[in-house]
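Novice: One file: coords_29.txt (compact mmCIF, C-alpha atoms).
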```txt
# COMPACT_ATOMS: atom_id res chain seq x y z
CA GLY A 57 313.71 11.27 65.75
CA GLU A 58 313.68 9.90 62.21
CA ILE A 59 315.30 12.33 59.73
CA SER A 60 315.74 10.09 56.70
CA ARG A 61 312.13 10.38 55.54
CA ALA A 62 310.39 13.32 53.91
CA PRO A 63 308.31 15.60 56.19
CA ARG A 64 304.63 14.82 56.67
CA LEU A 65 301.71 17.15 57.34
CA GLN A 66 301.84 16.22 61.03
CA ASP A 67 305.52 17.25 61.17
CA LEU A 68 304.77 20.59 59.54
CA ARG A 69 301.80 21.15 61.86
CA GLU A 70 303.94 20.47 64.92
CA ILE A 71 306.52 22.99 63.66
CA ALA A 72 303.74 25.50 62.96
CA GLU A 73 302.64 25.27 66.61
CA LEU A 74 305.58 27.61 67.27
CA LEU A 75 304.15 30.42 65.13
CA PRO A 76 301.73 31.95 67.70
CA HIS A 77 304.57 32.10 70.23
CA LEU A 78 307.01 34.04 68.04
CA LYS A 79 306.98 37.71 69.05
CA SER A 80 308.74 39.02 65.95
CA THR A 81 306.57 39.56 62.86
CA HIS A 82 309.69 39.00 60.74
CA ASP A 83 310.44 35.64 62.39
CA ARG A 84 306.83 34.52 61.97
CA GLY A 85 306.95 35.46 58.31
CA VAL A 86 310.20 33.57 57.66
CA LEU A 87 308.96 30.37 59.31
CA THR A 88 305.55 30.66 57.62
CA ARG A 89 307.10 30.90 54.16
CA LYS A 90 309.33 27.88 54.80
CA ILE A 91 306.33 25.79 55.93
CA GLU A 92 304.28 26.92 52.91
CA VAL A 93 307.07 25.77 50.57
CA GLN A 94 306.99 22.32 52.18
CA ILE A 95 303.19 22.18 51.87
CA THR A 96 303.53 22.91 48.13
CA LEU A 97 306.12 20.14 47.75
CA LEU A 98 303.85 17.68 49.56
CA GLY A 99 300.84 18.55 47.43
CA HIS A 100 297.24 18.51 48.65
CA GLN A 101 296.59 15.16 50.33
CA GLY A 102 292.95 15.68 51.23
CA THR A 103 291.21 17.63 53.97
CA SER A 104 292.39 16.11 57.25
CA GLU A 105 292.68 17.27 60.84
CA ASP A 106 296.43 17.97 60.50
CA TYR A 107 295.86 19.86 57.24
CA ILE A 108 293.18 22.10 58.74
CA ARG A 109 295.17 22.77 61.91
CA LEU A 110 298.28 23.56 59.88
CA LEU A 111 296.49 26.05 57.63
CA LEU A 112 294.80 27.77 60.57
CA LEU A 113 298.13 28.22 62.36
CA ILE A 114 299.55 29.78 59.20
CA TYR A 115 296.52 32.07 58.79
CA ARG A 116 296.88 33.25 62.39
CA ALA A 117 300.53 34.13 61.72
CA ARG A 118 299.70 35.95 58.47
CA PHE A 119 296.61 37.84 59.65
CA GLU A 120 298.39 40.93 60.99
CA PRO A 121 300.38 41.74 57.80
CA GLU A 122 297.83 40.31 55.31
CA PRO A 123 294.30 40.57 56.82
CA THR A 124 292.34 40.68 53.54
CA GLU A 125 294.15 37.69 52.03
CA VAL A 126 293.68 35.67 55.22
CA GLU A 127 289.95 36.48 55.37
CA LEU A 128 289.55 35.14 51.84
CA SER A 129 291.58 32.02 52.72
CA LEU A 130 289.37 31.40 55.76
CA ILE A 131 286.23 31.61 53.62
CA HIS A 132 287.75 29.11 51.17
CA LEU A 133 288.62 26.79 54.08
CA PHE A 134 285.07 27.10 55.42
CA VAL A 135 283.67 25.93 52.07
CA GLU A 136 286.21 23.09 51.90
CA ILE A 137 285.24 21.73 55.34
CA ASP A 138 281.54 22.11 54.59
CA SER A 139 281.94 19.90 51.52
CA LEU A 140 283.32 16.94 53.50
CA ASN A 141 281.20 13.79 53.58
CA GLU A 142 282.65 12.07 56.68
CA VAL A 143 280.74 13.51 59.67
CA SER A 144 283.37 12.72 62.35
CA ILE A 145 286.12 14.45 60.32
CA LYS A 146 283.79 17.40 59.70
CA VAL A 147 283.11 17.77 63.45
CA THR A 148 286.84 17.64 64.22
CA CYS A 149 287.67 20.21 61.52
CA TRP A 150 284.87 22.60 62.55
CA THR A 151 286.06 22.25 66.16
CA TRP A 152 289.64 23.18 65.33
CA MET A 153 288.52 26.02 63.10
CA LEU A 154 286.38 27.41 65.91
CA PHE A 155 289.25 27.07 68.37
CA HIS A 156 291.80 28.87 66.16
CA LEU A 157 289.38 31.61 65.12
CA SER A 158 288.99 32.45 68.81
CA LYS A 159 292.78 32.81 69.08
CA PHE A 160 293.27 35.40 66.33
CA GLU A 161 295.10 38.40 67.78
CA ASP A 162 292.74 40.97 66.23
CA LEU A 163 289.57 38.97 66.87
CA GLU A 164 287.25 42.00 66.87
CA ARG A 165 288.34 42.97 63.37
CA LEU A 166 287.98 39.40 62.09
CA VAL A 167 284.47 39.04 63.53
CA LYS A 168 283.45 42.42 62.11
CA ASP A 169 284.76 41.73 58.60
CA VAL A 170 283.92 38.01 58.35
CA PRO A 171 281.31 36.64 60.81
CA LEU A 172 282.85 33.18 60.65
CA ILE A 173 282.69 32.28 64.34
CA SER A 174 278.88 32.27 64.44
CA ASP A 175 278.72 30.44 61.08
CA VAL A 176 281.22 27.78 62.19
CA THR A 177 279.38 27.36 65.51
CA ASP A 178 276.12 26.72 63.62
CA LYS A 179 277.81 24.25 61.26
CA LEU A 180 279.45 22.47 64.19
CA SER A 181 276.11 22.15 65.99
CA VAL A 182 274.46 20.58 62.94
CA ALA A 183 277.36 18.18 62.43
CA ILE A 184 277.33 17.16 66.10
CA ASP A 185 273.59 16.46 65.94
CA LYS A 186 274.20 14.09 63.07
CA LEU A 187 277.18 12.48 64.79
CA LEU A 188 275.24 11.93 68.04
CA ASP A 189 272.54 10.15 66.06
CA GLU A 190 275.16 7.80 64.63
CA THR A 191 277.06 6.81 67.78
CA ALA A 192 276.40 5.71 71.37
CA ASN A 193 279.71 7.01 72.80
CA HIS A 194 278.64 10.63 73.06
CA PHE A 195 281.36 12.02 75.33
CA ASP A 196 284.38 10.83 73.34
CA VAL A 197 283.04 12.15 70.02
CA THR A 198 282.08 15.55 71.47
CA ARG A 199 285.07 16.12 73.76
CA PRO A 200 287.08 18.18 71.20
CA ALA A 201 283.96 20.26 70.46
CA ILE A 202 283.39 20.94 74.18
CA ALA A 203 287.01 22.11 74.48
CA ALA A 204 286.65 24.46 71.51
CA LEU A 205 283.26 25.82 72.57
CA ALA A 206 284.63 26.46 76.08
CA ARG A 207 286.83 29.16 74.52
CA THR A 208 284.26 30.61 72.14
CA ASN A 209 280.66 30.00 73.28
CA ILE A 210 280.19 28.60 76.78
CA ASN A 211 276.38 28.58 76.59
CA GLU A 212 276.54 26.50 73.41
CA ALA A 213 278.93 24.12 75.18
CA VAL A 214 276.44 23.68 78.03
CA ARG A 215 273.63 23.02 75.55
CA LEU A 216 275.79 20.40 73.85
CA ILE A 217 276.54 18.65 77.16
CA GLU A 218 272.84 18.58 78.03
CA ARG A 219 272.23 16.61 74.81
CA LEU A 220 274.64 13.78 75.71
CA ASN A 221 272.91 10.46 76.12
CA THR A 222 274.02 9.24 79.58
CA GLU A 223 274.48 10.79 83.00
CA ASN A 224 278.13 9.67 83.04
CA ALA A 225 278.74 11.32 79.65
CA ARG A 226 277.15 14.55 80.87
CA ASP A 227 279.21 14.45 84.09
CA LYS A 228 282.41 14.05 82.09
CA GLY A 229 281.25 16.80 79.74
CA TYR A 230 280.75 19.31 82.56
CA SER A 231 284.11 18.34 84.06
CA GLU A 232 285.80 18.83 80.67
CA LEU A 233 284.11 22.22 80.27
CA VAL A 234 285.28 23.37 83.71
CA ARG A 235 288.82 22.21 82.98
CA ASN A 236 288.93 24.17 79.73
CA ILE A 237 287.34 27.43 80.88
CA GLN A 238 288.84 27.83 84.35
CA SER A 239 292.03 29.55 83.14
CA SER A 240 290.16 32.11 81.02
CA ILE A 241 287.56 32.66 83.75
CA LEU A 242 290.31 33.35 86.27
CA ASP A 243 291.67 36.12 84.04
CA ASN A 244 288.30 37.83 84.47
CA PRO A 245 286.84 36.30 87.65
CA ASN A 246 283.21 35.25 87.29
CA MET A 247 282.64 32.01 89.13
CA ASP A 248 278.93 31.60 88.33
CA ILE A 249 279.36 29.49 85.20
CA LEU A 250 281.96 27.26 86.85
CA VAL A 251 279.84 26.69 89.94
CA ARG A 252 276.78 25.87 87.84
CA CYS A 253 278.71 23.29 85.84
CA LEU A 254 280.27 21.71 88.93
CA THR A 255 277.01 21.40 90.83
CA ARG A 256 275.36 19.69 87.83
CA ILE A 257 277.83 16.79 88.02
CA LYS A 258 276.04 13.82 89.63
CA ASP A 259 278.97 11.42 90.13
CA ASP A 260 280.67 12.11 93.48
CA ALA A 261 284.17 11.16 92.31
CA ILE A 262 284.06 13.24 89.10
CA ARG A 263 282.54 16.22 90.94
CA SER A 264 285.08 16.05 93.79
CA THR A 265 288.06 15.84 91.43
CA ALA A 266 286.78 18.79 89.39
CA ILE A 267 286.14 20.94 92.50
CA LEU A 268 289.56 20.21 94.00
CA SER A 269 291.24 20.96 90.66
CA LEU A 270 289.45 24.30 90.33
CA LEU A 271 290.20 25.39 93.91
CA ALA A 272 293.87 24.44 93.47
CA SER A 273 294.03 26.51 90.25
CA ILE A 274 292.47 29.54 91.94
CA LEU A 275 294.80 29.27 94.90
CA ARG A 276 297.91 28.97 92.69
CA LYS A 277 296.88 32.09 90.78
CA MET A 278 296.04 34.06 93.95
CA ARG A 279 299.48 33.31 95.38
CA LYS A 280 300.94 35.15 92.38
CA GLU A 281 298.46 37.99 91.92
CA LYS A 282 295.39 39.59 93.46
CA LEU A 283 292.03 38.22 92.28
CA PRO A 284 289.09 40.30 93.55
CA ASN A 285 285.64 38.93 94.38
CA VAL A 286 286.47 35.25 93.96
CA TYR A 287 285.65 33.87 97.41
CA SER A 288 281.93 34.68 97.40
CA GLY A 289 281.44 32.64 94.25
CA ILE A 290 283.21 29.48 95.46
CA SER A 291 282.64 29.67 99.24
CA GLU A 292 280.19 26.72 99.33
CA LEU A 293 281.78 24.43 96.73
CA TRP A 294 283.48 22.31 99.41
CA THR A 295 280.05 21.28 100.72
CA HIS A 296 279.42 19.42 97.45
CA ILE A 297 282.16 16.88 98.27
CA ARG A 298 280.94 13.92 100.32
CA VAL A 299 284.13 12.08 101.31
CA ALA A 300 285.51 13.70 104.45
CA SER A 301 289.17 13.77 103.36
CA GLY A 302 288.38 15.52 100.05
CA ARG A 303 285.87 17.76 101.83
CA LEU A 304 288.56 18.90 104.27
CA GLN A 305 291.03 19.56 101.45
CA ALA A 306 288.42 21.65 99.63
CA LEU A 307 287.48 23.52 102.82
CA HIS A 308 291.12 24.29 103.50
CA MET A 309 291.77 25.65 99.99
CA THR A 310 288.57 27.70 100.24
CA SER A 311 289.83 29.14 103.55
CA GLU A 312 293.21 29.96 102.01
CA ILE A 313 291.43 31.76 99.15
CA ALA A 314 289.37 33.75 101.68
CA LEU A 315 292.54 34.68 103.61
CA ALA A 316 294.29 35.78 100.42
CA GLU A 317 291.33 37.91 99.34
CA SER A 318 290.44 39.53 102.68
CA PRO A 319 292.55 38.41 105.69
CA SER A 320 290.82 40.67 108.21
CA SER A 321 287.36 39.21 107.52
CA ILE A 322 288.24 35.65 108.57
CA ASP A 323 287.74 34.29 112.11
CA LEU A 324 290.80 32.01 112.41
CA ASP A 325 289.51 30.19 115.50
CA ALA A 326 286.18 29.33 113.84
CA MET A 327 287.97 28.30 110.67
CA SER A 328 290.34 26.00 112.58
CA ALA A 329 287.46 24.46 114.55
CA GLU A 330 285.65 23.69 111.29
CA HIS A 331 288.81 22.03 109.96
CA VAL A 332 289.18 19.89 113.10
CA ALA A 333 285.54 18.82 113.05
CA LEU A 334 285.90 17.58 109.47
CA TRP A 335 289.23 15.91 110.26
CA HIS A 336 287.58 13.79 112.94
CA GLN A 337 285.09 12.50 110.36
CA ILE A 338 287.82 10.91 108.22
CA LEU A 339 287.77 7.11 108.34
CA GLY A 340 291.07 5.28 108.65
CA ASP A 341 294.06 6.24 110.78
CA LEU A 342 296.53 6.52 107.90
CA ALA A 343 294.18 8.70 105.85
CA LYS A 344 293.56 10.95 108.85
CA ILE A 345 297.28 11.27 109.60
CA GLU A 346 298.15 11.95 105.95
CA ILE A 347 295.54 14.72 105.70
CA GLY A 348 296.63 16.16 109.05
CA TYR A 349 300.20 16.53 107.82
CA TRP A 350 298.90 17.98 104.53
CA VAL A 351 296.90 20.69 106.35
CA ALA A 352 299.95 21.53 108.49
CA SER A 353 302.17 21.90 105.40
CA GLU A 354 299.56 24.01 103.60
CA PHE A 355 299.21 26.38 106.57
CA ALA A 356 303.00 26.64 107.02
CA SER A 357 303.59 29.74 104.88
CA SER A 358 300.37 31.69 105.56
CA GLN A 359 299.49 30.72 109.16
CA PRO A 360 302.54 29.28 110.98
CA LEU A 361 300.77 29.11 114.36
CA LEU A 362 297.95 27.02 112.90
CA ALA A 363 300.53 24.89 111.09
CA ARG A 364 302.30 24.08 114.37
CA ASP A 365 298.94 23.31 116.00
CA TRP A 366 298.04 20.86 113.20
CA LEU A 367 301.49 19.28 113.28
CA SER A 368 301.26 18.68 117.04
CA ARG A 369 297.68 17.35 116.73
CA THR A 370 298.64 14.93 113.97
CA ILE A 371 301.80 13.68 115.70
CA GLU A 372 299.87 13.09 118.91
CA TYR A 373 297.12 11.23 117.05
CA ALA A 374 299.67 9.04 115.26
CA ARG A 375 301.30 8.23 118.60
CA THR A 376 297.94 7.45 120.24
CA VAL A 377 296.78 5.00 117.55
CA ASN A 378 300.29 3.58 117.11
CA ALA A 379 299.89 3.93 113.34
CA ALA A 380 302.28 2.00 111.16
CA SER A 381 304.16 3.75 108.39
CA GLU A 382 302.66 3.70 104.93
CA SER A 383 305.28 1.25 103.65
CA ILE A 384 304.66 -1.17 106.53
CA SER A 385 300.91 -0.88 106.06
CA SER A 386 301.27 -1.62 102.35
CA ALA A 387 303.37 -4.70 103.12
CA LEU A 388 300.79 -5.84 105.68
CA ILE A 389 297.92 -5.43 103.20
CA SER A 390 299.86 -7.35 100.52
CA THR A 391 300.56 -10.16 103.00
CA LEU A 392 296.90 -10.38 103.98
CA SER A 393 295.84 -10.41 100.35
CA LEU A 394 298.17 -13.31 99.61
CA ALA A 395 297.11 -15.15 102.77
CA SER A 396 293.43 -14.75 101.89
CA ARG A 397 293.99 -16.29 98.47
CA VAL A 398 295.90 -19.21 100.01
CA ILE A 399 293.13 -19.82 102.59
CA SER A 400 290.57 -20.08 99.82
CA TYR A 401 292.43 -23.11 98.43
CA LEU A 402 293.59 -24.85 101.64
CA ASP A 403 292.13 -26.34 104.81
CA VAL A 404 293.47 -24.08 107.54
CA HIS A 405 293.57 -25.05 111.22
CA ASP A 406 292.09 -22.75 113.88
CA GLU A 407 295.55 -21.93 115.24
CA GLU A 408 296.76 -20.81 111.81
CA PHE A 409 293.57 -18.84 111.14
CA SER A 410 293.97 -17.01 114.46
CA ARG A 411 297.28 -15.64 113.19
CA ILE A 412 295.51 -14.31 110.11
CA ARG A 413 292.87 -12.67 112.32
CA ALA A 414 295.63 -11.03 114.33
CA LEU A 415 297.04 -9.52 111.15
CA PHE A 416 293.59 -8.24 110.16
CA LYS A 417 293.34 -6.42 113.49
CA GLU A 418 296.52 -4.52 112.65
CA VAL A 419 294.79 -2.97 109.62
CA ARG A 420 293.16 0.08 111.12
CA ASP A 421 291.33 1.36 108.07
CA PRO A 422 287.82 -0.20 108.09
CA GLU A 423 287.44 0.26 104.33
CA VAL A 424 290.65 -1.71 103.72
CA GLN A 425 289.50 -4.44 106.13
CA LEU A 426 286.33 -4.89 104.05
CA GLN A 427 288.39 -5.29 100.89
```
I need this file expressed as structure tokens, please.

Specialist:
Amino acid sequence: GEISRAPRLQDLREIAELLPHLKSTHDRGVLTRKIEVQITLLGHQGTSEDYIRLLLLIYRARFEPEPTEVELSLIHLFVEIDSLNEVSIKVTCWTWMLFHLSKFEDLERLVKDVPLISDVTDKLSVAIDKLLDETANHFDVTRPAIAALARTNINEAVRLIERLNTENARDKGYSELVRNIQSSILDNPNMDILVRCLTRIKDDAIRSTAILSLLASILRKMRKEKLPNVYSGISELWTHIRVASGRLQALHMTSEIALAESPSSIDLDAMSAEHVALWHQILGDLAKIEIGYWVASEFASSQPLLARDWLSRTIEYARTVNAASESISSALISTLSLASRVISYLDVHDEEFSRIRALFKEVRDPEVQLQ
């Protein structure tokens, strides 16, 4: 990086990101004092996002040894943000303040002594109302606020998303909320809020991606530690995915979660039959083969007999349909795309066109043929 120039607020803020991760109070104090010296040398350059984030990181580091001083500093910072004229900067600053307040180690004491979280939430709501009135791109301007509210006030986050001006913006808002709260929810499993957000998403692609991401996160965590009473909350999420390949992936991860939570309660034969029925609904030979191999690999560690069954089924299907490899199929599709463009400019004889038709027949995925 560039070391010839003087440090900027952004540089100091990036260094301060280390403070919450330092275990030693002494080490936090040493680094905090060094950063504060640099801030003094820079002088106050106006209330900006980097400035607010930097101060909040310092206050978090100083709260344990100096709680009273930090409380007073937070009140001063609250007044400073409230005096800003630029609404977008005010929303960003309130958002970061709300986020960092939620991260204070002794949060109960802070909330008891200085009820800033509720005050900042109210201020943020008012600022967002004004910002939404001034812009048409609701999701982009509220995304940081949704992320912060996900960690501090989920119900307020949902109310904010409901106020966004388009269905697509609301879909993205619910997806963003799920992404931000799933890790904290998994530390204290309560799937209700996640399921409600996911089922409110109207767009199939956004909903499917969010569901698959959540199930993958749950499964990763359950492979490391026991999570009680998770399956009942997410057991039907896979039914909200319409595309068969994604539906099968979601069903499989749901089954793995059920097996991890209570192996004896699962009928393996019925589960496998449900997998196979969905597999047969997948359009396109390559997609079906790819998912078949994926299911086999996913079952390999937990259910080796089912894994071998899926491997044999997929190999036999690939042999039956004489499926080309993915690289050959890609080359074939590229050739057809080029040939189609050439045909549109040239007079092509029947004999030459018959060769093109023969190539089209080799593309086994009906969706790709339509393209």

Novice: May I have the protein, DNA and RNA residues with any atom at most 10 Å from the point (297.0, 29.1, 63.8), counting all atoms listed in the file, written as a PyMOL selection string?

Specialist: chain A and resi 69+72-76+108-119+152-153+155-157+159-160

Novice: Provide the atom CA of Glu105 of chain A to atom CA of Asp138 of chain A distance in Å, to one decimal place.

Specialist: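 Between atom CA of Glu105 of chain A and atom CA of Asp138 of chain A the gap works out to 13.7 Å.
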
Novice: For the atom pair atom CA of Val93 of chain A and atom CA of His77 of chain A, what is the interatomic distance in Å to one decimal place?

Specialist: 20.8 Å

Novice: Kindly give the distance, in Å, that separates atom CA of Asn193 of chain A and atom CA of Lys146 of chain A, rounded to a single decimal.

Specialist: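 Atom CA of Lys146 of chain A lies 17.2 Å from atom CA of Asn193 of chain A.
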
Novice: Could you put an axis-aligned box around every listed atom of segment 281-300 of chain A, padded by 8 Å on each side, and send me its centre and edge lengths in Å to one decimal, as lines of an AutoDock Vina configuration file?

Specialist:
```
center_x = 288.9
center_y = 26.2
center_z = 98.2
size_x = 35.0
size_y = 44.2
size_z = 28.5
```

Novice: Quick one: of A:Asp162, A:Lys90, A:Ser368, A:Leu140, who's nearest to Pro121 of chain A, counting only C-alpha atoms?

Specialist: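 Checking each of A:Asp162, A:Lys90, A:Ser368, A:Leu140 against Pro121 of chain A, counting only C-alpha atoms, the winner is A:Asp162.
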
Novice: Restricting the calculation to only C-alpha atoms, which member of A:Ala206, A:Leu163, A:Val135, A:Ile257 is positioned closest to Val176 of chain A?

Specialist: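 Checking each candidate against Val176 of chain A, we get A:Val135 as the closest.
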